[in-house]
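Raw contents of target.cif, mmCIF, C-alpha atoms and all ligand atoms:
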data_final
#
loop_
_atom_site.group_PDB
_atom_site.id
_atom_site.type_symbol
_atom_site.label_atom_id
_atom_site.label_comp_id
_atom_site.auth_asym_id
_atom_site.auth_seq_id
_atom_site.Cartn_x
_atom_site.Cartn_y
_atom_site.Cartn_z
ATOM 1 C CA MET B 279 90.341 17.682 -59.266
ATOM 2 C CA LYS B 280 89.709 17.665 -55.477
ATOM 3 C CA ALA B 281 87.384 14.670 -55.846
ATOM 4 C CA GLN B 282 90.016 12.807 -57.895
ATOM 5 C CA LEU B 283 92.692 13.549 -55.269
ATOM 6 C CA ALA B 284 90.375 12.289 -52.527
ATOM 7 C CA ARG B 285 89.764 9.074 -54.522
ATOM 8 C CA ASP B 286 93.508 8.564 -55.135
ATOM 9 C CA ASN B 287 94.270 9.135 -51.460
ATOM 10 C CA GLU B 288 91.519 6.676 -50.469
ATOM 11 C CA THR B 289 93.211 4.065 -52.681
ATOM 12 C CA ALA B 290 96.581 4.708 -51.016
ATOM 13 C CA ILE B 291 94.990 4.523 -47.552
ATOM 14 C CA GLY B 292 93.348 1.203 -48.435
ATOM 15 C CA ASP B 293 96.568 -0.210 -49.916
ATOM 16 C CA TYR B 294 98.761 0.792 -46.998
ATOM 17 C CA ASP B 295 96.231 -0.076 -44.298
ATOM 18 C CA ARG B 296 96.352 -3.577 -45.784
ATOM 19 C CA TRP B 297 100.157 -3.632 -45.955
ATOM 20 C CA ALA B 298 100.578 -2.415 -42.344
ATOM 21 C CA PRO B 299 100.631 -5.820 -40.568
ATOM 22 C CA VAL B 300 103.364 -7.261 -42.819
ATOM 23 C CA TYR B 301 105.097 -4.124 -44.106
ATOM 24 C CA ASP B 302 108.264 -4.436 -41.987
ATOM 25 C CA ILE B 303 108.816 -8.069 -42.952
ATOM 26 C CA VAL B 304 108.339 -7.456 -46.688
ATOM 27 C CA PHE B 305 109.918 -4.001 -47.078
ATOM 28 C CA GLY B 306 112.247 -3.780 -44.076
ATOM 29 C CA PRO B 307 115.348 -5.435 -45.541
ATOM 30 C CA ILE B 308 114.908 -4.342 -49.197
ATOM 31 C CA PHE B 309 115.089 -0.643 -48.392
ATOM 32 C CA HIS B 310 117.432 -0.861 -45.415
ATOM 33 C CA ARG B 311 120.544 0.540 -47.152
ATOM 34 C CA GLY B 312 118.621 3.397 -48.746
ATOM 35 C CA ARG B 313 117.098 4.365 -45.397
ATOM 36 C CA GLN B 314 120.521 4.263 -43.712
ATOM 37 C CA ALA B 315 121.985 6.553 -46.386
ATOM 38 C CA ALA B 316 119.052 8.978 -46.068
ATOM 39 C CA ILE B 317 119.359 9.106 -42.281
ATOM 40 C CA ALA B 318 123.130 9.643 -42.463
ATOM 41 C CA ALA B 319 122.430 12.650 -44.718
ATOM 42 C CA ALA B 320 119.774 13.984 -42.293
ATOM 43 C CA GLU B 321 122.095 13.573 -39.312
ATOM 44 C CA ARG B 322 124.641 15.884 -40.944
ATOM 45 C CA ILE B 323 122.073 18.660 -40.484
ATOM 46 C CA GLY B 324 120.032 17.490 -37.487
ATOM 47 C CA GLY B 325 117.473 19.510 -35.526
ATOM 48 C CA ARG B 326 113.713 19.304 -36.128
ATOM 49 C CA ILE B 327 113.054 16.668 -38.785
ATOM 50 C CA LEU B 328 109.766 16.011 -40.582
ATOM 51 C CA GLU B 329 109.494 12.452 -41.856
ATOM 52 C CA VAL B 330 106.724 12.280 -44.456
ATOM 53 C CA GLY B 331 105.105 8.903 -45.158
ATOM 54 C CA ILE B 332 106.739 7.584 -42.010
ATOM 55 C CA GLY B 333 104.722 4.373 -42.289
ATOM 56 C CA THR B 334 105.396 1.944 -39.436
ATOM 57 C CA GLY B 335 108.202 4.187 -38.165
ATOM 58 C CA ILE B 336 110.747 1.613 -39.264
ATOM 59 C CA ALA B 337 113.560 4.196 -39.356
ATOM 60 C CA LEU B 338 112.700 5.988 -36.104
ATOM 61 C CA ARG B 339 115.234 4.384 -33.841
ATOM 62 C CA ASP B 340 118.056 5.116 -36.301
ATOM 63 C CA TYR B 341 117.842 8.877 -35.739
ATOM 64 C CA SER B 342 120.053 10.340 -33.050
ATOM 65 C CA PRO B 343 118.034 11.180 -29.894
ATOM 66 C CA ARG B 344 119.406 14.730 -30.214
ATOM 67 C CA ASN B 345 116.920 15.373 -33.036
ATOM 68 C CA ARG B 346 113.183 15.986 -32.721
ATOM 69 C CA ILE B 347 111.166 13.900 -35.140
ATOM 70 C CA VAL B 348 107.690 14.733 -36.421
ATOM 71 C CA GLY B 349 106.123 11.957 -38.521
ATOM 72 C CA ILE B 350 103.081 12.048 -40.765
ATOM 73 C CA ASP B 351 101.343 9.434 -42.897
ATOM 74 C CA ILE B 352 98.038 9.115 -44.700
ATOM 75 C CA SER B 353 97.421 5.579 -43.408
ATOM 76 C CA ALA B 354 96.138 5.394 -39.829
ATOM 77 C CA GLN B 355 97.029 1.689 -39.673
ATOM 78 C CA MET B 356 100.657 2.332 -40.592
ATOM 79 C CA LEU B 357 100.824 5.117 -37.986
ATOM 80 C CA GLU B 358 99.346 2.837 -35.343
ATOM 81 C CA LYS B 359 102.355 0.570 -35.860
ATOM 82 C CA ALA B 360 104.655 3.602 -35.571
ATOM 83 C CA ARG B 361 102.984 4.645 -32.284
ATOM 84 C CA ALA B 362 103.393 1.120 -30.870
ATOM 85 C CA ARG B 363 107.084 1.237 -31.831
ATOM 86 C CA VAL B 364 107.553 4.624 -30.118
ATOM 87 C CA SER B 365 106.062 3.401 -26.871
ATOM 88 C CA GLU B 366 107.742 -0.032 -26.980
ATOM 89 C CA LEU B 367 111.206 1.444 -27.622
ATOM 90 C CA ARG B 368 110.552 4.593 -25.503
ATOM 91 C CA LEU B 369 111.630 6.878 -28.303
ATOM 92 C CA ALA B 370 111.563 10.210 -26.478
ATOM 93 C CA HIS B 371 112.861 12.143 -29.504
ATOM 94 C CA VAL B 372 109.572 11.598 -31.378
ATOM 95 C CA GLU B 373 107.613 14.828 -30.948
ATOM 96 C CA GLN B 374 104.446 14.066 -32.933
ATOM 97 C CA LEU B 375 102.861 11.415 -35.196
ATOM 98 C CA SER B 376 99.814 12.521 -37.194
ATOM 99 C CA VAL B 377 97.573 11.392 -40.014
ATOM 100 C CA MET B 378 98.114 13.956 -42.789
ATOM 101 C CA ASP B 379 98.289 14.231 -46.566
ATOM 102 C CA ALA B 380 101.817 14.951 -47.813
ATOM 103 C CA SER B 381 100.450 17.347 -50.430
ATOM 104 C CA ASN B 382 98.610 19.441 -47.816
ATOM 105 C CA LEU B 383 100.851 19.722 -44.766
ATOM 106 C CA ASP B 384 99.337 21.295 -41.679
ATOM 107 C CA PHE B 385 102.544 23.077 -40.583
ATOM 108 C CA PRO B 386 103.625 26.725 -40.862
ATOM 109 C CA ASP B 387 106.255 27.802 -43.405
ATOM 110 C CA ASN B 388 109.918 27.292 -42.418
ATOM 111 C CA SER B 389 109.170 24.769 -39.632
ATOM 112 C CA PHE B 390 111.793 22.053 -40.149
ATOM 113 C CA ASP B 391 115.557 21.722 -40.588
ATOM 114 C CA VAL B 392 115.095 18.574 -42.682
ATOM 115 C CA VAL B 393 112.151 17.156 -44.623
ATOM 116 C CA MET B 394 112.681 13.463 -45.159
ATOM 117 C CA ALA B 395 110.604 11.173 -47.400
ATOM 118 C CA GLN B 396 111.699 7.583 -47.836
ATOM 119 C CA TYR B 397 109.966 5.683 -50.654
ATOM 120 C CA VAL B 398 107.043 8.095 -50.695
ATOM 121 C CA VAL B 399 107.251 10.616 -53.569
ATOM 122 C CA SER B 400 106.555 7.991 -56.247
ATOM 123 C CA THR B 401 103.490 6.778 -54.290
ATOM 124 C CA VAL B 402 101.603 10.076 -53.873
ATOM 125 C CA PRO B 403 98.995 11.233 -56.427
ATOM 126 C CA ARG B 404 100.476 14.748 -56.806
ATOM 127 C CA PRO B 405 104.277 14.481 -56.515
ATOM 128 C CA GLU B 406 105.076 18.067 -57.590
ATOM 129 C CA ALA B 407 102.493 19.591 -55.221
ATOM 130 C CA THR B 408 103.959 17.389 -52.498
ATOM 131 C CA LEU B 409 107.495 18.629 -53.237
ATOM 132 C CA ASP B 410 106.130 22.220 -53.106
ATOM 133 C CA GLU B 411 104.844 21.522 -49.611
ATOM 134 C CA PHE B 412 108.235 20.086 -48.581
ATOM 135 C CA ALA B 413 109.929 23.291 -49.796
ATOM 136 C CA ARG B 414 107.372 25.478 -48.001
ATOM 137 C CA VAL B 415 107.754 23.891 -44.548
ATOM 138 C CA LEU B 416 111.564 23.616 -44.813
ATOM 139 C CA LYS B 417 113.697 26.300 -43.159
ATOM 140 C CA PRO B 418 116.161 28.198 -45.372
ATOM 141 C CA GLY B 419 119.476 26.353 -45.294
ATOM 142 C CA GLY B 420 117.677 23.057 -44.616
ATOM 143 C CA GLU B 421 117.461 19.999 -46.879
ATOM 144 C CA ILE B 422 114.807 17.845 -48.485
ATOM 145 C CA ILE B 423 116.166 14.296 -48.399
ATOM 146 C CA LEU B 424 114.452 11.665 -50.515
ATOM 147 C CA ALA B 425 115.003 7.975 -50.954
ATOM 148 C CA SER B 426 112.942 7.355 -54.029
ATOM 149 C CA ARG B 427 112.112 5.068 -56.863
ATOM 150 C CA LEU B 428 113.159 6.659 -60.190
ATOM 151 C CA SER B 429 111.450 5.556 -63.368
ATOM 152 C CA GLU B 430 113.316 5.504 -66.686
ATOM 153 C CA ALA B 431 112.317 7.669 -69.643
ATOM 154 C CA SER B 432 113.345 5.053 -72.246
ATOM 155 C CA GLY B 433 115.371 1.885 -72.914
ATOM 156 C CA ILE B 434 115.202 -1.663 -71.600
ATOM 157 C CA ARG B 435 114.540 -0.676 -68.007
ATOM 158 C CA ARG B 436 111.611 1.454 -69.178
ATOM 159 C CA SER B 437 110.166 -1.599 -70.988
ATOM 160 C CA ILE B 438 110.576 -3.748 -67.883
ATOM 161 C CA GLU B 439 108.871 -1.069 -65.781
ATOM 162 C CA HIS B 440 106.006 -0.932 -68.223
ATOM 163 C CA PHE B 441 105.647 -4.730 -67.962
ATOM 164 C CA VAL B 442 105.638 -4.761 -64.141
ATOM 165 C CA ALA B 443 103.501 -1.610 -63.770
ATOM 166 C CA PRO B 444 100.317 -3.415 -62.600
ATOM 167 C CA ALA B 445 102.244 -5.224 -59.837
ATOM 168 C CA ALA B 446 104.042 -2.000 -58.883
ATOM 169 C CA ARG B 447 100.691 -0.210 -58.550
ATOM 170 C CA LYS B 448 99.588 -2.847 -56.041
ATOM 171 C CA LEU B 449 102.593 -1.760 -53.957
ATOM 172 C CA GLY B 450 101.333 1.796 -54.232
ATOM 173 C CA TRP B 451 104.041 2.892 -56.714
ATOM 174 C CA ARG B 452 103.427 5.022 -59.745
ATOM 175 C CA THR B 453 106.082 4.086 -62.270
ATOM 176 C CA GLU B 454 106.062 7.300 -64.265
ATOM 177 C CA PHE B 455 107.820 9.664 -61.843
ATOM 178 C CA GLY B 456 111.271 9.991 -63.389
ATOM 179 C CA TRP B 457 114.329 12.158 -62.893
ATOM 180 C CA GLU B 458 113.251 14.682 -65.532
ATOM 181 C CA ARG B 459 110.233 15.621 -63.381
ATOM 182 C CA TYR B 460 112.461 16.277 -60.371
ATOM 183 C CA LEU B 461 114.654 18.492 -62.561
ATOM 184 C CA ALA B 462 111.624 20.358 -63.939
ATOM 185 C CA TRP B 463 110.367 20.908 -60.387
ATOM 186 C CA GLU B 464 113.763 22.224 -59.265
ATOM 187 C CA ALA B 465 113.924 24.541 -62.306
ATOM 188 C CA ARG B 466 110.592 26.193 -61.486
ATOM 189 C CA THR B 467 111.261 26.450 -57.721
ATOM 190 C CA PRO B 468 113.682 29.360 -57.197
ATOM 191 C CA SER B 469 114.336 28.639 -53.517
ATOM 192 C CA ILE B 470 115.513 25.081 -54.221
ATOM 193 C CA GLU B 471 118.828 23.738 -55.515
ATOM 194 C CA LEU B 472 119.936 20.158 -56.157
ATOM 195 C CA VAL B 473 122.706 18.949 -53.857
ATOM 196 C CA GLU B 474 123.047 15.267 -54.722
ATOM 197 C CA ARG B 475 121.603 12.346 -56.654
ATOM 198 C CA ARG B 476 123.093 8.936 -55.832
ATOM 199 C CA LYS B 477 122.001 5.483 -57.062
ATOM 200 C CA MET B 478 120.727 3.132 -54.383
ATOM 201 C CA PRO B 479 119.969 -0.578 -54.242
ATOM 202 C CA PRO B 480 117.998 -2.628 -55.015
ATOM 203 C CA LEU B 481 119.060 -2.876 -58.683
ATOM 204 C CA GLY B 482 119.836 0.834 -59.075
ATOM 205 C CA HIS B 483 116.121 1.571 -59.590
ATOM 206 C CA PHE B 484 116.208 3.834 -56.545
ATOM 207 C CA ALA B 485 118.106 6.967 -55.641
ATOM 208 C CA LEU B 486 119.064 9.176 -52.740
ATOM 209 C CA ILE B 487 118.182 12.752 -53.738
ATOM 210 C CA ARG B 488 118.987 15.896 -51.755
ATOM 211 C CA PHE B 489 117.702 19.417 -52.364
ATOM 212 C CA ARG B 490 118.686 22.480 -50.322
ATOM 213 C CA LYS B 491 116.454 25.490 -49.619
ATOM 214 C CA THR B 492 118.600 28.485 -50.313
ATOM 215 C CA ASP B 493 119.274 30.797 -47.438
ATOM 216 C CA PRO B 494 117.933 34.313 -48.237
ATOM 217 C CA GLN B 495 120.917 35.816 -46.434
ATOM 218 C CA HIS B 496 123.202 33.891 -48.764
ATOM 219 C CA LEU B 497 121.140 35.080 -51.739
ATOM 220 C CA ILE B 498 121.535 38.715 -50.684
ATOM 221 C CA GLU B 499 125.274 38.217 -50.389
ATOM 222 C CA THR B 500 125.568 36.602 -53.814
ATOM 223 C CA SER B 501 122.894 38.002 -56.102
ATOM 224 C CA GLY B 502 119.991 39.787 -54.461
ATOM 225 C CA VAL B 503 118.693 42.730 -52.457
ATOM 226 C CA ARG B 504 116.002 42.987 -49.784
ATOM 227 C CA ASP B 505 113.255 45.498 -50.665
ATOM 228 C CA ALA B 506 111.391 47.856 -48.289
ATOM 229 C CA HIS B 507 108.979 45.040 -47.332
ATOM 230 C CA GLY B 508 111.785 42.651 -46.446
ATOM 231 C CA THR B 509 111.330 40.587 -49.615
ATOM 232 C CA ILE B 510 114.461 39.415 -51.438
ATOM 233 C CA ARG B 511 114.629 40.589 -55.064
ATOM 234 C CA ARG B 512 117.038 38.596 -57.233
ATOM 235 C CA GLN B 513 119.120 40.664 -59.663
HETATM 236 C C1 LIG G 1 106.426 2.590 -49.526
HETATM 237 S S1 LIG G 1 105.797 3.177 -48.011
HETATM 238 C C2 LIG G 1 107.279 3.852 -47.220
HETATM 239 C C3 LIG G 1 107.212 3.799 -45.703
HETATM 240 C C4 LIG G 1 108.497 4.192 -44.991
HETATM 241 N N1 LIG G 1 108.843 5.586 -45.291
HETATM 242 C C5 LIG G 1 109.642 3.287 -45.352
HETATM 243 O O1 LIG G 1 110.772 3.761 -45.502
HETATM 244 O O2 LIG G 1 109.456 2.083 -45.426
HETATM 245 C C6 LIG G 1 104.916 4.645 -48.485
HETATM 246 C C7 LIG G 1 104.253 5.343 -47.305
HETATM 247 O O3 LIG G 1 103.725 6.571 -47.775
HETATM 248 C C8 LIG G 1 102.437 6.739 -47.226
HETATM 249 N N2 LIG G 1 101.664 7.627 -48.109
HETATM 250 C C9 LIG G 1 101.146 7.367 -49.345
HETATM 251 N N3 LIG G 1 100.493 8.438 -49.832
HETATM 252 C C10 LIG G 1 100.620 9.416 -48.882
HETATM 253 C C11 LIG G 1 100.170 10.778 -48.799
HETATM 254 N N4 LIG G 1 99.471 11.349 -49.785
HETATM 255 N N5 LIG G 1 100.467 11.477 -47.687
HETATM 256 C C12 LIG G 1 101.180 10.926 -46.665
HETATM 257 N N6 LIG G 1 101.638 9.646 -46.694
HETATM 258 C C13 LIG G 1 101.362 8.901 -47.793
HETATM 259 C C14 LIG G 1 101.862 5.329 -47.172
HETATM 260 O O4 LIG G 1 100.775 5.217 -46.290
HETATM 261 C C15 LIG G 1 103.089 4.551 -46.725
HETATM 262 O O5 LIG G 1 103.211 4.491 -45.322
#

So that I can check it, write out the structure of this file as structure tokens.
Ligand SMILES: C[S@@+](CC[C@H](N)C(=O)[O-])C[C@H]1O[C@@H](n2cnc3c(N)ncnc32)[C@H](O)[C@@H]1O
Amino acid sequence: MKAQLARDNETAIGDYDRWAPVYDIVFGPIFHRGRQAAIAAAERIGGRILEVGIGTGIALRDYSPRNRIVGIDISAQMLEKARARVSELRLAHVEQLSVMDASNLDFPDNSFDVVMAQYVVSTVPRPEATLDEFARVLKPGGEIILASRLSEASGIRRSIEHFVAPAARKLGWRTEFGWERYLAWEARTPSIELVERRKMPPLGHFALIRFRKTDPQHLIETSGVRDAHGTIRRQ
């Protein structure tokens, strides 16, 4: 299992190290509207923001300088581009850029007001474990904001996806991560609730998805009690 994960991550590192020099030219415009929508959602909350799979840091200058941005990515080459962008544009609101695996985040629980991942969840080998990590490092009341490719369970679009799967894999995308898996993840994660799912271009194959981490205080008020150890017990 660990060995397989390491192999899958090595593949992603190789793919994205190779994409790094041309990534902004190829993928800058296509995902522009989705990124703008995701950042607008993050700005409504603001504060300390973790951007996972930050890549070349293409979205960095779109955040308000009032926020503090921490970026991580598994590809050192992509991050090198992000670091060059930070120094070129003097982006003082960027607190940290580190090589890290999204499914094994080296941050304490409840560290961020927003966890942002743009076009990342469908590229990682263990999407559910990655979402678990997002929920862990998010503060109660904060949001996970995803711009993501959504695969179809059936129908014509599913057939097209099946046909283009080998090309999609070259871009680092797994085609099989569909909406039903997000819903299953939400259902088994008590601290998480869905806030929004909105279709995004290009071609409606992508979506903006927002999850909120429930505030324990709110839970107590609505349906729970805190026990002698300070743990919330839902009723
Ligand atoms: C499609 S690119 C998206 C880049 C950027 N977020 C954007 O909006 O263009 C996917 C990014 O996720 C990164 N990535 C893939 N697997 C990862 C993992 N396990 N942990 C962290 N980053 C990962 C890749 O290196 C790449 O930079």

*Exercise answer, 6 Å around ligand LIG 1 (chain G) with all atoms listed in the file, as JSON, numbers by chain*: {"B": [287, 290, 291, 294, 331, 332, 333, 351, 352, 353, 356, 378, 379, 380, 396, 397, 398, 401, 402]}

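For the atom pair formed by CA of Leu369 (chain B) and CA of Leu328 (chain B), the distance is 15.4 Å, given to one decimal.
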
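Minimum atom-to-atom distances from B:Phe489, B:Phe309, B:Tyr460, B:Phe484 to Glu406 (chain B) were compared using only C-alpha atoms, and the lowest value belongs to B:Tyr460.
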
*Result set, the PyMOL selection byres (((chain B and resi 419-425) around 8) and not hetatm) on current file, as a PyMOL selection string*: chain B and resi 312-313+316+319-320+323+390-399+412-413+416-418+426-427+484-493

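Nearest to Arg285 (chain B) of all the residues B:Glu471, B:Pro403, B:His483, B:Val348 is B:Pro403, counting all atoms listed in the file.
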
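The interatomic distance for the pair CA of Arg414 (chain B) and CA of Asn388 (chain B) works out to 6.4 Å.
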
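With only C-alpha atoms as the atoms that count, the minimum distance from Lys280 (chain B) to the choices B:Arg404, B:Arg476, B:Arg459, B:His371 is reached by B:Arg404.
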
*Excluding Ala360 (chain B) and any residue of its chain fewer than 6 positions from it, enumerate the residues within 12 Å of it, using all atoms listed in the file, and give them as a list in words.*
Ala298, Pro299, Tyr301, Asp302, Glu329, Gly331, Ile332, Gly333, Thr334, Gly335, Ile336, Ala337, Leu338, Arg339, Val348, Gly349, Ile350, Asp351, Ser353, Ala354, Glu366, Leu367, Arg368, Leu369, Val372, Gln374, Leu375, Ser376 and Val377 of chain B

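Taking CA of Arg311 (chain B) and CA of Leu481 (chain B) as endpoints, the distance between them is 12.1 Å.
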
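Among B:Ala284, B:Ser365, B:Leu461, B:Gly456, the residue with the shortest atom-to-atom distance to Asn382 (chain B), counting only C-alpha atoms, is B:Ala284.
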
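Nearest residue to Ile470 (chain B) among B:Ile327, B:Leu428, B:Ala370, B:Leu409 is B:Leu409, counting only C-alpha atoms.
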
Incomplete region 377-400 of chain B filled out to N, CA and C atoms as an mmCIF file, in the frame of the given file:
data_model
loop_
_atom_site.group_PDB
_atom_site.id
_atom_site.type_symbol
_atom_site.label_atom_id
_atom_site.label_comp_id
_atom_site.auth_asym_id
_atom_site.auth_seq_id
_atom_site.Cartn_x
_atom_site.Cartn_y
_atom_site.Cartn_z
ATOM 1 N N VAL B 377 98.120 11.711 -38.699
ATOM 2 C CA VAL B 377 97.573 11.392 -40.014
ATOM 3 C C VAL B 377 97.483 12.692 -40.803
ATOM 4 N N MET B 378 98.086 12.718 -41.988
ATOM 5 C CA MET B 378 98.114 13.956 -42.789
ATOM 6 C C MET B 378 98.451 13.595 -44.227
ATOM 7 N N ASP B 379 97.960 14.415 -45.152
ATOM 8 C CA ASP B 379 98.289 14.231 -46.566
ATOM 9 C C ASP B 379 99.571 14.999 -46.888
ATOM 10 N N ALA B 380 100.523 14.329 -47.498
ATOM 11 C CA ALA B 380 101.817 14.951 -47.813
ATOM 12 C C ALA B 380 101.672 16.166 -48.718
ATOM 13 N N SER B 381 100.594 16.210 -49.513
ATOM 14 C CA SER B 381 100.450 17.347 -50.430
ATOM 15 C C SER B 381 99.672 18.505 -49.798
ATOM 16 N N ASN B 382 99.353 18.383 -48.518
ATOM 17 C CA ASN B 382 98.610 19.441 -47.816
ATOM 18 C C ASN B 382 99.031 19.428 -46.344
ATOM 19 N N LEU B 383 100.273 19.860 -46.102
ATOM 20 C CA LEU B 383 100.851 19.722 -44.766
ATOM 21 C C LEU B 383 100.322 20.800 -43.822
ATOM 22 N N ASP B 384 99.923 20.374 -42.647
ATOM 23 C CA ASP B 384 99.337 21.295 -41.679
ATOM 24 C C ASP B 384 100.434 21.852 -40.753
ATOM 25 N N PHE B 385 101.460 22.465 -41.349
ATOM 26 C CA PHE B 385 102.544 23.077 -40.583
ATOM 27 C C PHE B 385 102.822 24.462 -41.174
ATOM 28 N N PRO B 386 103.265 25.401 -40.328
ATOM 29 C CA PRO B 386 103.625 26.725 -40.862
ATOM 30 C C PRO B 386 104.849 26.651 -41.776
ATOM 31 N N ASP B 387 105.052 27.697 -42.570
ATOM 32 C CA ASP B 387 106.255 27.802 -43.405
ATOM 33 C C ASP B 387 107.489 27.712 -42.503
ATOM 34 N N ASN B 388 108.592 27.250 -43.081
ATOM 35 C CA ASN B 388 109.918 27.292 -42.418
ATOM 36 C C ASN B 388 109.904 26.621 -41.034
ATOM 37 N N SER B 389 109.318 25.426 -40.940
ATOM 38 C CA SER B 389 109.170 24.769 -39.632
ATOM 39 C C SER B 389 110.256 23.741 -39.336
ATOM 40 N N PHE B 390 110.919 23.218 -40.374
ATOM 41 C CA PHE B 390 111.793 22.053 -40.149
ATOM 42 C C PHE B 390 113.188 22.266 -40.740
ATOM 43 N N ASP B 391 114.184 21.673 -40.075
ATOM 44 C CA ASP B 391 115.557 21.722 -40.588
ATOM 45 C C ASP B 391 115.755 20.719 -41.722
ATOM 46 N N VAL B 392 115.016 19.615 -41.650
ATOM 47 C CA VAL B 392 115.095 18.574 -42.682
ATOM 48 C C VAL B 392 113.684 18.083 -42.968
ATOM 49 N N VAL B 393 113.372 17.889 -44.251
ATOM 50 C CA VAL B 393 112.151 17.156 -44.623
ATOM 51 C C VAL B 393 112.605 15.879 -45.305
ATOM 52 N N MET B 394 112.225 14.778 -44.709
ATOM 53 C CA MET B 394 112.681 13.463 -45.159
ATOM 54 C C MET B 394 111.490 12.701 -45.732
ATOM 55 N N ALA B 395 111.671 12.047 -46.882
ATOM 56 C CA ALA B 395 110.604 11.173 -47.400
ATOM 57 C C ALA B 395 111.275 9.949 -48.014
ATOM 58 N N GLN B 396 111.060 8.809 -47.382
ATOM 59 C CA GLN B 396 111.699 7.583 -47.836
ATOM 60 C C GLN B 396 110.661 6.704 -48.534
ATOM 61 N N TYR B 397 110.846 6.533 -49.838
ATOM 62 C CA TYR B 397 109.966 5.683 -50.654
ATOM 63 C C TYR B 397 108.519 6.180 -50.626
ATOM 64 N N VAL B 398 108.362 7.472 -50.803
ATOM 65 C CA VAL B 398 107.043 8.095 -50.695
ATOM 66 C C VAL B 398 106.674 8.883 -51.960
ATOM 67 N N VAL B 399 107.618 9.673 -52.500
ATOM 68 C CA VAL B 399 107.251 10.616 -53.569
ATOM 69 C C VAL B 399 106.650 9.896 -54.774
ATOM 70 N N SER B 400 107.113 8.696 -55.079
ATOM 71 C CA SER B 400 106.555 7.991 -56.247
ATOM 72 C C SER B 400 105.239 7.280 -55.909
#
